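Pasting start-v1.tsv here (TSV, C-alpha atoms and all ligand atoms):
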```
chain	number	residue	atom	x	y	z
V	793	MET	CA	27.30	-62.26	-4.24
V	794	ILE	CA	23.52	-62.48	-4.61
V	795	PRO	CA	22.46	-59.23	-2.92
V	796	LEU	CA	19.33	-58.81	-0.80
V	797	SER	CA	17.72	-55.97	-2.72
V	798	VAL	CA	19.65	-53.60	-4.93
V	799	PRO	CA	18.46	-50.82	-7.22
V	800	ASN	CA	17.69	-51.39	-10.87
V	801	LEU	CA	18.80	-48.25	-12.73
V	802	LYS	CA	18.42	-49.12	-16.38
V	803	GLY	CA	15.78	-46.57	-17.41
V	804	ASN	CA	15.97	-42.82	-17.99
V	805	GLU	CA	18.09	-42.13	-14.90
V	806	LYS	CA	21.24	-41.12	-16.81
V	807	LYS	CA	19.29	-38.99	-19.30
V	808	TYR	CA	17.49	-37.03	-16.58
V	809	LEU	CA	20.67	-36.66	-14.50
V	810	LYS	CA	22.47	-35.27	-17.54
V	811	GLU	CA	19.70	-32.71	-17.93
V	812	CYS	CA	20.20	-31.61	-14.29
V	813	ILE	CA	23.91	-31.11	-14.91
V	814	ASP	CA	23.46	-29.45	-18.31
V	815	THR	CA	20.90	-27.00	-16.93
V	816	GLU	CA	22.78	-26.56	-13.63
V	817	PHE	CA	19.63	-27.25	-11.63
V	818	VAL	CA	21.26	-29.63	-9.16
V	819	SER	CA	19.87	-28.47	-5.83
V	820	SER	CA	16.39	-28.26	-4.33
V	821	VAL	CA	14.89	-26.12	-7.10
V	822	GLY	CA	14.20	-27.59	-10.53
V	823	LYS	CA	11.66	-29.16	-12.79
V	824	PHE	CA	12.27	-32.75	-11.67
V	825	VAL	CA	11.37	-32.07	-8.02
V	826	ASN	CA	8.02	-30.59	-8.99
V	827	LEU	CA	7.40	-33.26	-11.61
V	828	PHE	CA	8.28	-36.07	-9.20
V	829	GLU	CA	5.80	-34.68	-6.67
V	830	LYS	CA	3.10	-34.43	-9.32
V	831	LYS	CA	3.67	-37.98	-10.55
V	832	ILE	CA	3.71	-39.47	-7.03
V	833	SER	CA	0.56	-37.58	-6.18
V	834	ARG	CA	-1.10	-38.94	-9.32
V	835	TYR	CA	0.16	-42.49	-8.78
V	836	THR	CA	-1.03	-42.64	-5.16
V	837	ASN	CA	-4.14	-40.59	-5.89
V	838	SER	CA	-3.37	-38.19	-3.06
V	839	LYS	CA	-4.08	-34.50	-3.54
V	840	TYR	CA	-0.73	-33.25	-2.29
V	841	ALA	CA	2.82	-34.56	-2.28
V	842	VAL	CA	5.76	-32.86	-0.62
V	843	ALA	CA	9.21	-34.16	-1.50
V	844	CYS	CA	11.70	-34.57	1.38
V	845	THR	CA	15.34	-35.55	1.74
V	846	SER	CA	14.39	-38.92	3.29
V	847	GLY	CA	11.57	-41.01	4.66
V	848	THR	CA	12.85	-40.17	8.13
V	849	ALA	CA	12.57	-36.43	7.37
V	850	ALA	CA	9.02	-37.04	6.07
V	851	LEU	CA	8.09	-38.76	9.33
V	852	HIS	CA	9.68	-36.05	11.45
V	853	LEU	CA	7.95	-33.28	9.50
V	854	SER	CA	4.59	-35.08	9.63
V	855	LEU	CA	4.69	-35.33	13.41
V	856	ARG	CA	5.78	-31.72	13.68
V	857	ILE	CA	2.97	-30.38	11.44
V	858	ILE	CA	0.25	-32.18	13.37
V	859	GLY	CA	1.57	-30.50	16.49
V	860	VAL	CA	3.26	-33.32	18.41
V	861	LYS	CA	5.02	-31.75	21.38
V	862	SER	CA	7.36	-32.92	24.10
V	863	GLN	CA	4.63	-33.93	26.55
V	864	ASP	CA	2.74	-36.00	23.95
V	865	GLU	CA	2.72	-39.68	23.19
V	866	VAL	CA	2.59	-41.48	19.85
V	867	ILE	CA	1.61	-45.14	19.36
V	868	VAL	CA	4.01	-47.07	17.17
V	869	PRO	CA	4.61	-50.74	16.34
V	870	THR	CA	7.73	-52.21	17.89
V	871	MET	CA	8.37	-54.14	14.65
V	872	THR	CA	9.63	-51.29	12.53
V	873	PHE	CA	12.83	-49.67	11.37
V	874	ILE	CA	14.33	-47.44	14.06
V	875	ALA	CA	13.58	-44.28	12.02
V	876	THR	CA	9.84	-44.47	12.83
V	877	ALA	CA	10.50	-44.26	16.55
V	878	ASN	CA	13.40	-41.81	16.21
V	879	ALA	CA	11.09	-39.32	14.50
V	880	ILE	CA	8.98	-39.28	17.70
V	881	LYS	CA	12.07	-38.67	19.81
V	882	TYR	CA	13.23	-35.81	17.56
V	883	LEU	CA	10.27	-33.90	19.03
V	884	ASN	CA	11.01	-35.16	22.54
V	885	ALA	CA	7.67	-36.96	22.57
V	886	SER	CA	7.29	-40.54	23.85
V	887	PRO	CA	6.47	-43.72	21.93
V	888	ILE	CA	4.06	-46.41	23.16
V	889	PHE	CA	5.04	-49.71	21.58
V	890	MET	CA	2.55	-52.19	20.12
V	891	ASP	CA	2.92	-55.82	19.06
V	892	CYS	CA	2.76	-57.04	15.46
V	893	ASP	CA	0.60	-59.54	13.61
V	894	GLU	CA	1.51	-62.38	11.25
V	895	TYR	CA	2.24	-59.85	8.48
V	896	TYR	CA	4.77	-58.03	10.72
V	897	ASN	CA	2.30	-55.12	10.88
V	898	ILE	CA	0.89	-53.46	13.97
V	899	ASP	CA	-1.55	-55.81	15.73
V	900	VAL	CA	-4.80	-53.93	15.21
V	901	LYS	CA	-6.77	-56.07	17.72
V	902	LYS	CA	-4.30	-55.35	20.51
V	903	LEU	CA	-4.23	-51.71	19.48
V	904	LEU	CA	-8.03	-51.50	19.78
V	905	ASN	CA	-7.87	-53.15	23.21
V	906	PHE	CA	-5.25	-50.71	24.33
V	907	LEU	CA	-7.38	-47.77	23.21
V	908	LYS	CA	-10.46	-49.24	24.88
V	909	PHE	CA	-9.02	-50.17	28.26
V	910	ASN	CA	-5.92	-48.02	28.69
V	911	THR	CA	-7.04	-44.56	27.61
V	912	PHE	CA	-9.72	-42.01	28.49
V	913	PHE	CA	-11.16	-39.07	26.58
V	914	LYS	CA	-11.33	-35.57	28.07
V	915	ASN	CA	-11.64	-32.06	26.62
V	916	GLY	CA	-11.17	-33.23	23.04
V	917	HIS	CA	-8.08	-35.36	23.68
V	918	THR	CA	-7.27	-39.01	24.36
V	919	TYR	CA	-5.14	-39.53	27.46
V	920	ASN	CA	-3.04	-42.50	28.46
V	921	LYS	CA	-4.45	-43.75	31.82
V	922	LYS	CA	-0.96	-44.70	33.00
V	923	THR	CA	0.98	-41.53	32.18
V	924	LYS	CA	-1.89	-38.99	31.94
V	925	LYS	CA	-0.27	-37.75	28.74
V	926	ILE	CA	-2.11	-36.93	25.50
V	927	ILE	CA	-1.87	-39.56	22.75
V	928	LYS	CA	-1.65	-37.41	19.63
V	929	ALA	CA	-1.06	-39.91	16.88
V	930	ILE	CA	-0.59	-43.49	15.72
V	931	ILE	CA	2.02	-44.49	13.14
V	932	PRO	CA	0.99	-47.74	11.47
V	933	VAL	CA	3.87	-49.10	9.37
V	934	HIS	CA	3.16	-51.07	6.17
V	935	VAL	CA	6.03	-53.48	6.76
V	936	SER	CA	7.71	-54.95	3.66
V	937	GLY	CA	4.90	-53.49	1.54
V	938	ASN	CA	2.19	-55.40	3.43
V	939	ALA	CA	-0.81	-53.11	3.84
V	940	VAL	CA	-2.05	-52.60	7.40
V	941	ASN	CA	-5.80	-53.14	7.74
V	942	LEU	CA	-6.72	-49.68	8.96
V	943	LYS	CA	-10.50	-49.98	8.58
V	944	PRO	CA	-11.17	-51.05	12.19
V	945	ILE	CA	-9.33	-48.07	13.66
V	946	LEU	CA	-10.39	-45.22	11.38
V	947	ASN	CA	-13.60	-44.18	13.13
V	948	ILE	CA	-12.23	-44.80	16.60
V	949	CYS	CA	-9.21	-42.60	15.90
V	950	LYS	CA	-11.48	-39.87	14.55
V	951	LYS	CA	-13.68	-40.02	17.66
V	952	LYS	CA	-10.66	-40.03	19.93
V	953	ASN	CA	-8.89	-37.26	18.02
V	954	ILE	CA	-5.84	-39.41	17.34
V	955	LEU	CA	-4.26	-38.66	13.97
V	956	ILE	CA	-2.95	-41.43	11.73
V	957	ILE	CA	0.44	-40.98	10.11
V	958	GLU	CA	1.11	-43.98	7.91
V	959	ASP	CA	4.71	-45.05	7.53
V	960	ALA	CA	4.47	-46.26	3.95
V	961	ALA	CA	8.25	-46.10	3.45
V	962	GLU	CA	8.24	-49.66	2.11
V	963	ALA	CA	4.83	-49.62	0.47
V	964	LEU	CA	4.92	-47.54	-2.70
V	965	GLY	CA	2.83	-49.55	-5.16
V	966	THR	CA	0.66	-51.26	-2.52
V	967	PHE	CA	-3.05	-50.78	-3.18
V	968	TYR	CA	-5.97	-52.03	-1.10
V	969	ILE	CA	-8.59	-54.16	-2.85
V	970	ASP	CA	-12.01	-52.56	-2.73
V	971	ASN	CA	-14.90	-54.70	-3.96
V	972	LYS	CA	-12.47	-56.75	-6.03
V	973	LYS	CA	-11.19	-53.55	-7.67
V	974	LYS	CA	-8.08	-51.45	-7.17
V	975	GLY	CA	-8.71	-49.42	-4.01
V	976	LYS	CA	-6.74	-46.77	-2.16
V	977	HIS	CA	-2.96	-46.64	-2.08
V	978	ALA	CA	-1.22	-47.46	1.21
V	979	GLY	CA	-0.47	-44.21	2.99
V	980	THR	CA	-3.63	-42.46	1.80
V	981	ILE	CA	-6.10	-43.82	4.33
V	982	GLY	CA	-4.95	-41.88	7.37
V	983	ASP	CA	-4.18	-38.17	7.66
V	984	ILE	CA	-0.66	-38.34	6.22
V	985	GLY	CA	1.47	-40.97	4.50
V	986	CYS	CA	5.28	-41.04	4.40
V	987	LEU	CA	7.25	-42.69	1.60
V	988	SER	CA	10.94	-43.50	1.31
V	989	PHE	CA	13.11	-43.68	-1.82
V	990	ASN	CA	16.19	-45.03	-0.11
V	991	GLY	CA	18.48	-47.22	-2.23
V	992	ASN	CA	16.90	-50.51	-1.16
V	993	LYS	CA	13.27	-49.50	-1.72
V	994	ILE	CA	10.93	-50.49	-4.59
V	995	ILE	CA	12.02	-47.29	-6.36
V	996	THR	CA	14.95	-45.13	-5.32
V	997	SER	CA	16.08	-41.56	-5.73
V	998	GLY	CA	19.42	-42.36	-4.10
V	999	GLY	CA	17.94	-41.02	-0.91
V	1000	GLY	CA	14.64	-39.29	-0.47
V	1001	GLY	CA	11.10	-39.36	0.84
V	1002	MET	CA	7.67	-37.87	0.29
V	1003	ILE	CA	4.74	-36.74	2.38
V	1004	ILE	CA	1.39	-37.55	0.79
V	1005	THR	CA	-1.87	-36.12	2.08
V	1006	ASN	CA	-5.29	-34.84	1.05
V	1007	ASN	CA	-5.11	-32.06	3.62
V	1008	LYS	CA	-4.15	-28.76	1.99
V	1009	GLU	CA	-3.13	-27.03	5.22
V	1010	LEU	CA	-0.87	-29.89	6.31
V	1011	ALA	CA	0.78	-30.02	2.88
V	1012	LYS	CA	1.35	-26.26	2.93
V	1013	LYS	CA	2.87	-26.40	6.39
V	1014	ALA	CA	5.11	-29.34	5.43
V	1015	ARG	CA	6.40	-27.51	2.36
V	1016	TYR	CA	7.04	-24.37	4.41
V	1017	LEU	CA	8.94	-26.13	7.18
V	1018	SER	CA	10.89	-28.30	4.74
V	1019	THR	CA	12.38	-25.19	3.14
V	1020	GLN	CA	13.66	-23.48	6.30
V	1021	ALA	CA	10.26	-21.91	7.14
V	1022	THR	CA	10.86	-19.07	4.74
V	1023	ASN	CA	8.30	-16.28	4.99
V	1024	ASP	CA	10.13	-13.77	2.82
V	1025	SER	CA	12.83	-15.08	0.50
V	1026	ILE	CA	14.03	-11.59	-0.45
V	1027	ASN	CA	14.85	-10.43	3.06
V	1028	TYR	CA	15.43	-13.89	4.55
V	1029	ILE	CA	12.65	-13.76	7.09
V	1030	HIS	CA	11.87	-17.05	8.84
V	1031	ASN	CA	9.09	-17.01	11.40
V	1032	GLU	CA	9.50	-20.57	12.67
V	1033	ILE	CA	12.24	-23.12	13.15
V	1034	GLY	CA	12.43	-24.92	9.80
V	1035	TYR	CA	14.55	-27.61	8.20
V	1036	ASN	CA	16.62	-28.15	5.08
V	1037	TYR	CA	14.46	-31.13	4.12
V	1038	ARG	CA	13.66	-30.51	0.46
V	1039	LEU	CA	14.67	-33.20	-2.04
V	1040	THR	CA	17.21	-32.10	-4.64
V	1041	ASN	CA	16.55	-31.96	-8.38
V	1042	ILE	CA	19.28	-34.59	-8.90
V	1043	GLN	CA	17.57	-37.02	-6.54
V	1044	ALA	CA	14.16	-36.30	-8.04
V	1045	ALA	CA	15.52	-36.92	-11.56
V	1046	VAL	CA	16.52	-40.45	-10.51
V	1047	GLY	CA	13.23	-40.93	-8.64
V	1048	LEU	CA	11.20	-39.90	-11.65
V	1049	ALA	CA	13.00	-42.32	-13.98
V	1050	GLN	CA	12.46	-45.07	-11.41
V	1051	LEU	CA	8.75	-44.31	-11.07
V	1052	GLU	CA	8.39	-44.90	-14.81
V	1053	LYS	CA	9.44	-48.51	-14.15
V	1054	ILE	CA	7.44	-49.26	-11.02
V	1055	ASN	CA	4.93	-51.60	-12.67
V	1056	LEU	CA	7.76	-53.72	-14.05
V	1057	PHE	CA	9.45	-53.82	-10.64
V	1058	ILE	CA	6.24	-54.91	-8.90
V	1059	LYS	CA	5.65	-57.60	-11.52
V	1060	LYS	CA	9.15	-59.00	-10.96
V	1061	LYS	CA	8.75	-58.87	-7.17
V	1062	LYS	CA	5.56	-60.94	-7.51
V	1063	TYR	CA	7.37	-63.43	-9.74
V	1064	ILE	CA	10.13	-63.77	-7.12
V	1065	TYR	CA	7.60	-64.32	-4.32
V	1066	ASN	CA	5.75	-66.98	-6.31
V	1067	PHE	CA	9.03	-68.71	-7.17
V	1068	TYR	CA	9.97	-68.96	-3.49
V	1069	LYS	CA	6.41	-69.92	-2.56
V	1070	LYS	CA	6.48	-72.84	-4.95
V	1071	HIS	CA	9.87	-74.05	-3.76
V	1072	PHE	CA	9.36	-73.63	-0.03
V	1073	LYS	CA	5.93	-75.27	-0.11
V	1074	ASN	CA	5.67	-78.39	2.02
V	1075	THR	CA	9.05	-77.89	3.65
V	1076	LYS	CA	9.33	-78.72	7.35
V	1077	ASP	CA	11.84	-76.02	8.15
V	1078	PHE	CA	10.64	-72.97	6.24
V	1079	ALA	CA	7.47	-70.97	5.79
V	1080	LEU	CA	7.24	-68.01	3.49
V	1081	ALA	CA	5.82	-65.06	5.41
V	1082	LYS	CA	2.14	-64.55	4.63
V	1083	ARG	CA	0.77	-61.55	2.80
V	1084	PRO	CA	-2.62	-60.00	3.55
V	1085	ASN	CA	-5.25	-60.75	0.92
V	1086	TYR	CA	-7.19	-57.49	1.35
V	1087	ALA	CA	-4.49	-55.66	-0.63
V	1088	ASN	CA	-2.32	-55.99	-3.69
V	1089	ASN	CA	0.98	-55.68	-1.85
V	1090	ASN	CA	3.99	-54.37	-3.75
V	1091	GLY	CA	5.99	-57.44	-2.70
V	1092	TRP	CA	9.02	-55.29	-1.95
V	1093	MET	CA	10.67	-57.70	0.50
V	1094	VAL	CA	10.43	-61.47	0.92
V	1095	SER	CA	10.60	-62.82	4.47
V	1096	LEU	CA	11.16	-66.42	5.39
V	1097	VAL	CA	10.25	-67.88	8.77
V	1098	LEU	CA	12.74	-70.48	9.93
V	1099	LYS	CA	10.46	-72.76	11.90
V	1100	LYS	CA	12.95	-74.56	14.09
V	1101	ILE	CA	15.23	-71.79	15.05
V	1102	ASN	CA	16.28	-69.44	17.80
V	1103	ASN	CA	18.21	-66.19	17.53
V	1104	ILE	CA	21.66	-67.78	17.75
V	1105	LYS	CA	20.85	-70.20	14.95
V	1106	LYS	CA	19.33	-67.38	12.91
V	1107	ASN	CA	22.53	-65.34	13.14
V	1108	SER	CA	24.72	-68.29	12.23
V	1109	THR	CA	22.42	-69.06	9.29
V	1110	ILE	CA	22.85	-65.50	8.02
V	1111	LYS	CA	26.64	-65.87	8.34
V	1112	LYS	CA	26.69	-69.26	6.63
V	1113	LEU	CA	24.59	-67.91	3.77
V	1114	LEU	CA	27.01	-65.02	3.41
V	1115	ASN	CA	29.85	-67.52	3.09
V	1116	LYS	CA	27.91	-69.04	0.23
V	1117	LYS	CA	27.66	-65.53	-1.28
V	1118	ILE	CA	23.99	-65.06	-0.47
V	1119	GLN	CA	23.08	-61.85	1.33
V	1120	THR	CA	20.14	-62.06	3.73
V	1121	ARG	CA	18.96	-59.78	6.54
V	1122	SER	CA	17.38	-60.26	9.92
V	1123	MET	CA	14.11	-58.52	10.71
V	1124	TRP	CA	14.68	-55.48	12.93
V	1125	LEU	CA	15.39	-55.91	16.61
V	1126	PRO	CA	12.00	-54.76	17.99
V	1127	VAL	CA	12.34	-51.11	18.93
V	1128	HIS	CA	11.21	-51.58	22.55
V	1129	MET	CA	14.38	-53.69	23.00
V	1130	GLN	CA	16.71	-51.04	21.57
V	1131	LYS	CA	18.87	-49.45	24.26
V	1132	GLN	CA	17.52	-45.91	23.94
V	1133	PHE	CA	13.87	-47.05	23.89
V	1134	LYS	CA	13.89	-49.54	26.75
V	1135	GLY	CA	12.19	-47.28	29.27
V	1136	TYR	CA	9.02	-46.61	27.26
V	1137	GLN	CA	5.61	-48.19	27.64
V	1138	LYS	CA	4.94	-51.39	25.71
V	1139	TYR	CA	1.68	-53.28	25.40
V	1140	LYS	CA	1.46	-57.09	25.45
V	1141	ILE	CA	4.34	-57.65	23.04
V	1142	ASP	CA	4.86	-61.27	22.12
V	1143	LYS	CA	4.69	-62.00	18.40
V	1144	ALA	CA	7.22	-59.31	17.44
V	1145	ASN	CA	9.88	-61.01	19.58
V	1146	LYS	CA	9.13	-64.41	18.07
V	1147	LEU	CA	9.18	-63.13	14.49
V	1148	PHE	CA	12.42	-61.28	15.13
V	1149	TYR	CA	14.07	-64.47	16.35
V	1150	SER	CA	12.83	-66.59	13.49
V	1151	SER	CA	12.66	-64.43	10.35
V	1152	ILE	CA	15.15	-63.60	7.66
V	1153	ASN	CA	14.69	-61.57	4.50
V	1154	ILE	CA	15.98	-63.30	1.39
V	1155	PRO	CA	17.31	-61.99	-1.94
V	1156	CYS	CA	14.65	-60.30	-4.05
V	1157	SER	CA	16.31	-57.66	-6.25
V	1158	THR	CA	14.33	-56.96	-9.40
V	1159	ASN	CA	17.33	-58.00	-11.50
V	1160	ILE	CA	17.80	-61.39	-9.80
V	1161	THR	CA	18.03	-64.30	-12.27
V	1162	ASN	CA	16.28	-67.67	-12.18
V	1163	GLY	CA	19.66	-69.28	-11.62
V	1164	GLU	CA	20.26	-67.12	-8.57
V	1165	LEU	CA	16.79	-67.82	-7.17
V	1166	THR	CA	17.40	-71.55	-7.62
V	1167	LYS	CA	20.72	-71.24	-5.79
V	1168	VAL	CA	19.11	-69.45	-2.83
V	1169	VAL	CA	16.45	-72.16	-2.51
V	1170	LYS	CA	18.96	-74.99	-2.87
V	1171	VAL	CA	21.42	-73.61	-0.32
V	1172	LEU	CA	18.67	-72.86	2.20
V	1173	LYS	CA	17.15	-76.29	1.84
V	1174	ASN	CA	20.56	-77.85	2.42
V	1175	PHE	CA	20.76	-76.22	5.83
V	1201	LIG	C1	9.60	-48.73	7.76
V	1201	LIG	C2	10.57	-47.62	7.46
V	1201	LIG	N1	10.36	-46.41	8.00
V	1201	LIG	C3	11.18	-45.39	7.74
V	1201	LIG	C4	12.28	-45.53	6.93
V	1201	LIG	C5	13.18	-44.38	6.75
V	1201	LIG	O1	13.33	-43.99	5.44
V	1201	LIG	P1	14.70	-43.28	4.96
V	1201	LIG	O2	15.76	-44.31	4.95
V	1201	LIG	O3	14.37	-42.79	3.60
V	1201	LIG	O4	14.97	-42.18	5.90
V	1201	LIG	C6	12.53	-46.79	6.35
V	1201	LIG	C7	13.65	-47.07	5.45
V	1201	LIG	O5	14.70	-46.81	5.36
V	1201	LIG	C8	11.66	-47.85	6.63
V	1201	LIG	O6	11.90	-49.06	6.12
```
Here is a file; write its structure as structure tokens.
Amino acid sequence: MIPLSVPNLKGNEKKYLKECIDTEFVSSVGKFVNLFEKKISRYTNSKYAVACTSGTAALHLSLRIIGVKSQDEVIVPTMTFIATANAIKYLNASPIFMDCDEYYNIDVKKLLNFLKFNTFFKNGHTYNKKTKKIIKAIIPVHVSGNAVNLKPILNICKKKNILIIEDAAEALGTFYIDNKKKGKHAGTIGDIGCLSFNGNKIITSGGGGMIITNNKELAKKARYLSTQATNDSINYIHNEIGYNYRLTNIQAAVGLAQLEKINLFIKKKKYIYNFYKKHFKNTKDFALAKRPNYANNNGWMVSLVLKKINNIKKNSTIKKLLNKKIQTRSMWLPVHMQKQFKGYQKYKIDKANKLFYSSINIPCSTNITNGELTKVVKVLKNF
């Protein structure tokens, strides 16, 4: 089987794991957790990093620390993994779904139109004209490592008092280009960024996530709530409802070893993308999904648009490829179509549906061989 995207664990993972076991620091206290936070904070150039058990936990905590409550609304792209929207529901708040652009990212133009024509500002808050509820935040998602162009919304969000929580789960290693130079890291433009280290991501800690922010108070609150909101650890006094969301030392040990290899991983991902680009050029049936040129994207996932296809054909293509021992994946069913999210507001969604019906993600593990890449291209072209 040629897998879609599997971890590459050939660095210091075993050595660091052995140290955890030898020292008996296996749970959420230990040198690797602190070190992993420090290294992520340095790599992303964000002042604070708070390690969490998952990207989902990071999203949940982020919304909680900015004060999202049950009567609030949060704008979210419909083209995202379900976890982004679930985090909103964990706080009983409501999502407003937005369309995506050609990079599978939130459609910033439509978002701006929505803010302009469908909201009003009163007493320091932005209200949704339709529901009269406060819109507290926006969660742009850097899909497949493609940076969202946040520039056009930054000032507007500030003026409208809408916080930006970036879902950068798939975007560790994605940097904007600023005057032809390396600019900010994805997830560090808004108020908070959330990373994931799930097994399929550019680096993994087995499972895990991280909150990155330059806001000291938010970081402090996240750390406090992630460790059961402990006010006094001697007498077990907890003044708020907290969570057991801190990453373990074992997970951080793996994450740290992986982070040491991130440049190599990104280099290989770029090689894979260019290989496919060369071979799918000038084909009638396929188009490699575009990547925005205002950023150096980490290239985590490679998406292919099947030009002459509908959803039934897409599913049978995935099955046929599996029979040929090639694992591919559909893009996510847009969240506004998921059963539990059907009743929520959606705004002019069109492209997300089309891309869902026509896109598949193709094998791009960092340890894929040239022979395997050639096989994927050959089999696809034969369809
Ligand atoms: C866009 C996006 N958001 C959130 C998550 C959730 O991260 P985790 O699986 O670490 O909870 C993922 C990945 O799994 C993701 O791809």
Nearest to Leu801 in chain V by atom-to-atom distance, counting only C-alpha atoms, from V:Gln1132, V:Asn1074, V:Thr996, V:Asn1036: V:Thr996
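Minimum distance to Cys1156 in chain V across V:Lys1099, V:Lys1060, V:Lys973, V:His852 (counting all atoms listed in the file) occurs at V:Lys1060.
Of the listed residues V:Lys1116, V:Lys839, V:Lys993, V:Lys1140, the one whose atoms come nearest to ligand LIG 1201 (chain V) is V:Lys993, with distances taken using all atoms listed in the file.
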Range 804-815 of chain V environment, 12 Å, all atoms listed in the file, sequence neighbours closer than 2 positions dropped, as a PyMOL selection string: chain V and resi 799-802+817-825+827-828+995-998+1040-1053
Best match for closeness to Ser886 in chain V among V:Lys928, V:Lys902, V:Lys974, V:Lys1076, counting all atoms listed in the file: V:Lys928
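Every residue having at least one atom no farther than 8 Å from ligand LIG 1201 (chain V) is included below, with all atoms listed in the file taken into account: Thr845, Ser846, Gly847, Thr848, Ala849, Ala850, Leu851, Thr872, Phe873, Ile874, Ala875, Thr876, Val933, His934, Val935, Ser936, Asp959, Ala960, Ala961, Glu962, Leu987, Ser988, Phe989, Asn990, Asn992, Lys993, Gly999, Gly1000 and Gly1001 of chain V.
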Using C-alpha atoms, can you write the selected residues to a file as a compact mmCIF listing (two decimals), keeping the file's coordinate frame?
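In the end it all went to result-v6.txt:
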```
# COMPACT_ATOMS: atom_id res chain seq x y z
CA THR V 845 15.34 -35.55 1.74
CA SER V 846 14.39 -38.92 3.29
CA GLY V 847 11.57 -41.01 4.66
CA THR V 848 12.85 -40.17 8.13
CA ALA V 849 12.57 -36.43 7.37
CA ALA V 850 9.02 -37.04 6.07
CA LEU V 851 8.09 -38.76 9.33
CA THR V 872 9.63 -51.29 12.53
CA PHE V 873 12.83 -49.67 11.37
CA ILE V 874 14.33 -47.44 14.06
CA ALA V 875 13.58 -44.28 12.02
CA THR V 876 9.84 -44.47 12.83
CA VAL V 933 3.87 -49.10 9.37
CA HIS V 934 3.16 -51.07 6.17
CA VAL V 935 6.03 -53.48 6.76
CA SER V 936 7.71 -54.95 3.66
CA ASP V 959 4.71 -45.05 7.53
CA ALA V 960 4.47 -46.26 3.95
CA ALA V 961 8.25 -46.10 3.45
CA GLU V 962 8.24 -49.66 2.11
CA LEU V 987 7.25 -42.69 1.60
CA SER V 988 10.94 -43.50 1.31
CA PHE V 989 13.11 -43.68 -1.82
CA ASN V 990 16.19 -45.03 -0.11
CA ASN V 992 16.90 -50.51 -1.16
CA LYS V 993 13.27 -49.50 -1.72
CA GLY V 999 17.94 -41.02 -0.91
CA GLY V 1000 14.64 -39.29 -0.47
CA GLY V 1001 11.10 -39.36 0.84
```
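Candidate residues V:Asn1027, V:Gly803, V:Lys943, V:Leu1165 were compared for distance to Leu1056 in chain V, and the nearest is V:Gly803, using only C-alpha atoms.
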Neighbour list for Lys1146 in chain V as a compact mmCIF listing (two decimals) with C-alpha atoms, in the coordinates of the input, cut-off 12 Å, all atoms listed in the file, skip fewer than 4 positions in-chain:
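Contents of part08.txt, freshly written:
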```
# COMPACT_ATOMS: atom_id res chain seq x y z
CA MET V 871 8.37 -54.14 14.65
CA ASP V 891 2.92 -55.82 19.06
CA CYS V 892 2.76 -57.04 15.46
CA ASP V 893 0.60 -59.54 13.61
CA GLU V 894 1.51 -62.38 11.25
CA TYR V 896 4.77 -58.03 10.72
CA VAL V 1097 10.25 -67.88 8.77
CA LEU V 1098 12.74 -70.48 9.93
CA LYS V 1099 10.46 -72.76 11.90
CA LYS V 1100 12.95 -74.56 14.09
CA ILE V 1101 15.23 -71.79 15.05
CA ASN V 1102 16.28 -69.44 17.80
CA ASN V 1103 18.21 -66.19 17.53
CA LYS V 1106 19.33 -67.38 12.91
CA MET V 1123 14.11 -58.52 10.71
CA TRP V 1124 14.68 -55.48 12.93
CA LEU V 1125 15.39 -55.91 16.61
CA PRO V 1126 12.00 -54.76 17.99
CA ILE V 1141 4.34 -57.65 23.04
CA ASP V 1142 4.86 -61.27 22.12
CA SER V 1150 12.83 -66.59 13.49
CA SER V 1151 12.66 -64.43 10.35
```
Quick one: residues within 12 Å of Gly982 in chain V, only C-alpha atoms counted, chain neighbours fewer than 5 positions away excluded, as an mmCIF file with C-alpha atoms, in the coordinates of the input?
```cif
data_model
loop_
_atom_site.group_PDB
_atom_site.id
_atom_site.type_symbol
_atom_site.label_atom_id
_atom_site.label_comp_id
_atom_site.auth_asym_id
_atom_site.auth_seq_id
_atom_site.Cartn_x
_atom_site.Cartn_y
_atom_site.Cartn_z
ATOM 1 C CA SER V 838 -3.370 -38.190 -3.060
ATOM 2 C CA SER V 854 4.590 -35.080 9.630
ATOM 3 C CA ALA V 929 -1.060 -39.910 16.880
ATOM 4 C CA ILE V 930 -0.590 -43.490 15.720
ATOM 5 C CA ILE V 931 2.020 -44.490 13.140
ATOM 6 C CA PRO V 932 0.990 -47.740 11.470
ATOM 7 C CA VAL V 933 3.870 -49.100 9.370
ATOM 8 C CA VAL V 940 -2.050 -52.600 7.400
ATOM 9 C CA ASN V 941 -5.800 -53.140 7.740
ATOM 10 C CA LEU V 942 -6.720 -49.680 8.960
ATOM 11 C CA LYS V 943 -10.500 -49.980 8.580
ATOM 12 C CA ILE V 945 -9.330 -48.070 13.660
ATOM 13 C CA LEU V 946 -10.390 -45.220 11.380
ATOM 14 C CA ASN V 947 -13.600 -44.180 13.130
ATOM 15 C CA CYS V 949 -9.210 -42.600 15.900
ATOM 16 C CA LYS V 950 -11.480 -39.870 14.550
ATOM 17 C CA ILE V 954 -5.840 -39.410 17.340
ATOM 18 C CA LEU V 955 -4.260 -38.660 13.970
ATOM 19 C CA ILE V 956 -2.950 -41.430 11.730
ATOM 20 C CA ILE V 957 0.440 -40.980 10.110
ATOM 21 C CA GLU V 958 1.110 -43.980 7.910
ATOM 22 C CA ASP V 959 4.710 -45.050 7.530
ATOM 23 C CA ALA V 960 4.470 -46.260 3.950
ATOM 24 C CA LYS V 976 -6.740 -46.770 -2.160
ATOM 25 C CA HIS V 977 -2.960 -46.640 -2.080
ATOM 26 C CA ILE V 1004 1.390 -37.550 0.790
ATOM 27 C CA THR V 1005 -1.870 -36.120 2.080
ATOM 28 C CA ASN V 1006 -5.290 -34.840 1.050
ATOM 29 C CA ASN V 1007 -5.110 -32.060 3.620
#
```
